[in-house]
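Some notes on the structure that comes next.
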Amino acid sequence: MGGIVAVLHKKGEDGTQVALTMLKTLKTKNAQTYGIASPSKARIGKSLNQLQNQRMCSPILLGYAFSKIMKYDKPQPLTLPDATLVFDGRTFPANEQFGDTETLGSTLTRNRERSVKKFIQKTDGDFAFTIAEPQRLIAGRDALGVRPLYYGENKIYAALASERKPLWKIGISDTESFPPGCVAIVSVDGFKFTSVRGLARSKPKQVSMKTASRRLRNLMKQAVGERCAGLKDVAVAFSGGLDSGIIAYLAKASGVNVELVHVSLKDQAETEYAKKTADELKLSFHSYTYTEDQVLETLPTVLYLIEESDPVKAAIGIPFYWAAENAAKMDVKVMLAGQGSDELFAGYRRYVDDYLQGGSEKVQETIFEDIVGMYENNFERDCKICNYHGVELRLPFAAYEIAKFAAELPVELKIQPSPSTLRKLVLRQAAREFGLPKAIVDRPKKAVQYATGVSKVLDKIARQEHVPLKEYLCRTFQTALTKMMPVE
């Protein structure tokens with residue numbers, strides 16, 4: 001696990017110091033090594049200072065900040081014949097003999113562009129990668145965009161990174177999220193993208209609830225099992241609701257030791273409920289409560305990590321930051337979470353409103369757009385937060401086959417055209433057939449920002465400052481960037 005940077009100097013000048021400047025913005029207390037590479041050679045050091053005097057004499061450079069999670073993880077970049085590679089993420093099922101980076105490296109033929117397209121088409125996983133060749137960069141991302149990757153260019157550089165800050169640092173202000181399931185060829189002429197694998201909007205497949213539930217149960221068992229394989233312990237970001245309840249149940253069934261991590265402000269009703277459901281699941285439960293002052297203390301760091309001031313993302317990011325922080329303190333390196341379930345199975349109230357106002361076709365369109373936008377709305381935010389704490393985030397609901405299955409389901413298996421519908425009907429049926437407690441199966445959804453009390457506190461803080469919340473967060477974000485961005 002780690003952070004990628006890649007840069008191409010359009011004027012042909014050496015890019016070593018540019019790559020190191022970008023890499024410096026990814027520096028964390030959990031990084032164990034840092035590496036830089038030209039297309040022909042790689043250098044790895046235990047600190048950035050060990051690389052400062054390197055001169056790679058190439059306009060094309062890669063960089064990687066490495067944190068070891070699995071025993072087979074190795075420092076990067078990886079040297080290939082006439083090229084170098086950095087790979088961030090996981091493939092499922094894992095190849096413990098070679099590791100994830102070597103798994104990609106071993107598939108590359110002389111026609112690397114064709115090889116990486118085939119890799120993305122055939123491989124399930126959460127990943128982003130870049131390859132440095134003498135005249136170009138090749139970059140790719142998994143089909144759903146679970147692992148973050150951003151890109152941008154100006155008159156001097158074309159660059160990519162696991163966060164936006166490295167791009168901002170070298171003067172690329174207009175940054176974009178790398179499109180999932182795509183391969184990009186990066187040259188002095190800029191970026192050329194090819195879509196390789198994704199989800200296609202199609203007419204829903206008619207299937208019974210019984211058949212759909214059976215298929216979903218099999219897919220969920222596989223996804224959770226693959227994401228727990230090779231682990232002794234795993235943390236689960238646990239609310240006590242449907243999504244985290246299913247993941248916790250299946251993680252336990254896979255044979256790993258499961259640690260449930262629950263966070264909220266003090267005196268929230270959801271905490272006692274989560275404790276009761278954890279007891280019913282017979283799993284270890286860790287509850288951490290926070291104060292309004294701690295929301296205020298955490299906010300600047302969260303905005304810095306998620307790299308934007310969106311009110312909803314901030315309100316979700318704060319409790320997720322606390323969950324990852326506590327998983328790290330418990331020395332658990334991998335955390336599972338239920339992100340993606342609400343988009344895939346229509347968990348949001350607004351889907352019901354769309355259904356009532358516009359019918360099934362309208363809500364089906366809305367749901368599909370949200371599914372293909374999950375990477376920007378959820379995954380990138382939470383992965384960046386976990387990376388900061390040295391915890392690897394794995395999202396079972398973001399398995400490609402689950403997303404494809406859910407995108408093709410009739411909306412009637414997810415919600416009913418009634419204000420009182422529970423939503424996520426097929427997922428609830430799957431949970432019921434797994435044998436989960438009724439309290440979990442029939443629990444109405446309550447968004448984490450409200451269940452934890454964080455959203456209410458942010459609104460209160462903004463009122464005390466006599467500004468709209470969006471303005472307050474924007475101001476806080478800009479201050480955090482100024483204070484926390486590394487300086488030369």
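Residue numbering restarts at 1 in every chain; chains get A, B, ... in the order shown in the structure tokens, and ligands count up from 1 in that same order.
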Asp442 in chain A: which residues within 9 Å, counting only C-alpha atoms, same-chain residues fewer than 4 positions away excluded, as a PyMOL selection string? chain A and resi 241-242+422+428+437-438
Save the residues we just selected, N, CA and C atoms, as a PDB file, in the first residue's frame?
ATOM      1  N   GLY A 241     -25.794  -1.461  11.481  1.00  0.00           N
ATOM      2  CA  GLY A 241     -26.815  -1.510  10.456  1.00  0.00           C
ATOM      3  C   GLY A 241     -26.628  -2.668   9.493  1.00  0.00           C
ATOM      4  N   LEU A 242     -27.394  -2.643   8.422  1.00  0.00           N
ATOM      5  CA  LEU A 242     -27.450  -3.752   7.477  1.00  0.00           C
ATOM      6  C   LEU A 242     -26.107  -4.010   6.799  1.00  0.00           C
ATOM      7  N   LEU A 422     -38.645   0.058   3.195  1.00  0.00           N
ATOM      8  CA  LEU A 422     -37.392  -0.019   3.950  1.00  0.00           C
ATOM      9  C   LEU A 422     -36.169   0.263   3.087  1.00  0.00           C
ATOM     10  N   ARG A 428     -31.631  -6.979   2.136  1.00  0.00           N
ATOM     11  CA  ARG A 428     -32.250  -7.401   3.400  1.00  0.00           C
ATOM     12  C   ARG A 428     -32.670  -8.876   3.326  1.00  0.00           C
ATOM     13  N   PRO A 437     -29.419 -11.409  12.682  1.00  0.00           N
ATOM     14  CA  PRO A 437     -30.493 -11.035  13.611  1.00  0.00           C
ATOM     15  C   PRO A 437     -31.517 -10.114  12.951  1.00  0.00           C
ATOM     16  N   LYS A 438     -32.760 -10.287  13.340  1.00  0.00           N
ATOM     17  CA  LYS A 438     -33.853  -9.477  12.791  1.00  0.00           C
ATOM     18  C   LYS A 438     -33.612  -7.989  13.012  1.00  0.00           C
TER      19      LYS A 438
END
If DSSP is run on the backbone, what residues of range 32-257 of chain A are helix (DSSP H, G or I)? A reply as a PyMOL selection string would be ideal. chain A and resi 48-51+100-107+112-122+165-169+209-228+242-253
Range 16-119 of chain A near range 383-401 of chain A within 8 Å: what's each residue's closest atom pair and its distance in Å to one decimal, counting only C-alpha atoms, ordered by chain then ascending residue number, as a tab-separated table?
residue	atom	partner	partner_atom	distance
A:Thr28	CA	A:Tyr388	CA	6.6
A:Asn30	CA	A:Gly390	CA	5.5
A:Ala31	CA	A:Gly390	CA	7.9
A:Ser67	CA	A:Gly390	CA	6.9
A:Ile69	CA	A:Glu392	CA	7.3
Just the selected residues (C-alpha atoms), exported as a short mmCIF file (atom, residue, chain, number, x, y, z; two decimals), in the first residue's frame, please.
data_model
loop_
_atom_site.label_atom_id
_atom_site.label_comp_id
_atom_site.auth_asym_id
_atom_site.auth_seq_id
_atom_site.Cartn_x
_atom_site.Cartn_y
_atom_site.Cartn_z
CA THR A 28 3.36 10.14 6.27
CA ASN A 30 3.57 5.18 8.20
CA ALA A 31 5.71 5.24 5.05
CA SER A 67 3.72 1.14 3.65
CA ILE A 69 0.45 -4.26 4.95
#
I need the residue nearest Gly105 in chain A from this list: A:Thr298, A:Gln357, A:Thr79, A:Thr16. Use only C-alpha atoms for the distance.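 Smallest separation from Gly105 in chain A among the options: A:Thr79.
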Please report as CSV every residue of range 237-314 of chain A lying within 6 Å of range 326-338 of chain A, along with the nearest atom pair and their distance in Å (one decimal), using only C-alpha atoms.
residue,atom,partner,partner_atom,distance
A:Ala237,CA,A:Ala337,CA,5.3
A:Asp243,CA,A:Gly338,CA,5.3
A:Ser244,CA,A:Gly338,CA,5.6
Writing out the chosen residues with C-alpha atoms as a PDB file, in the first residue's frame:
ATOM      1  CA  ALA A 237     -16.276   0.014  10.467  1.00  0.00           C
ATOM      2  CA  ASP A 243     -24.274  -3.143   5.457  1.00  0.00           C
ATOM      3  CA  SER A 244     -21.704  -3.408   8.228  1.00  0.00           C
TER       4      SER A 244
END
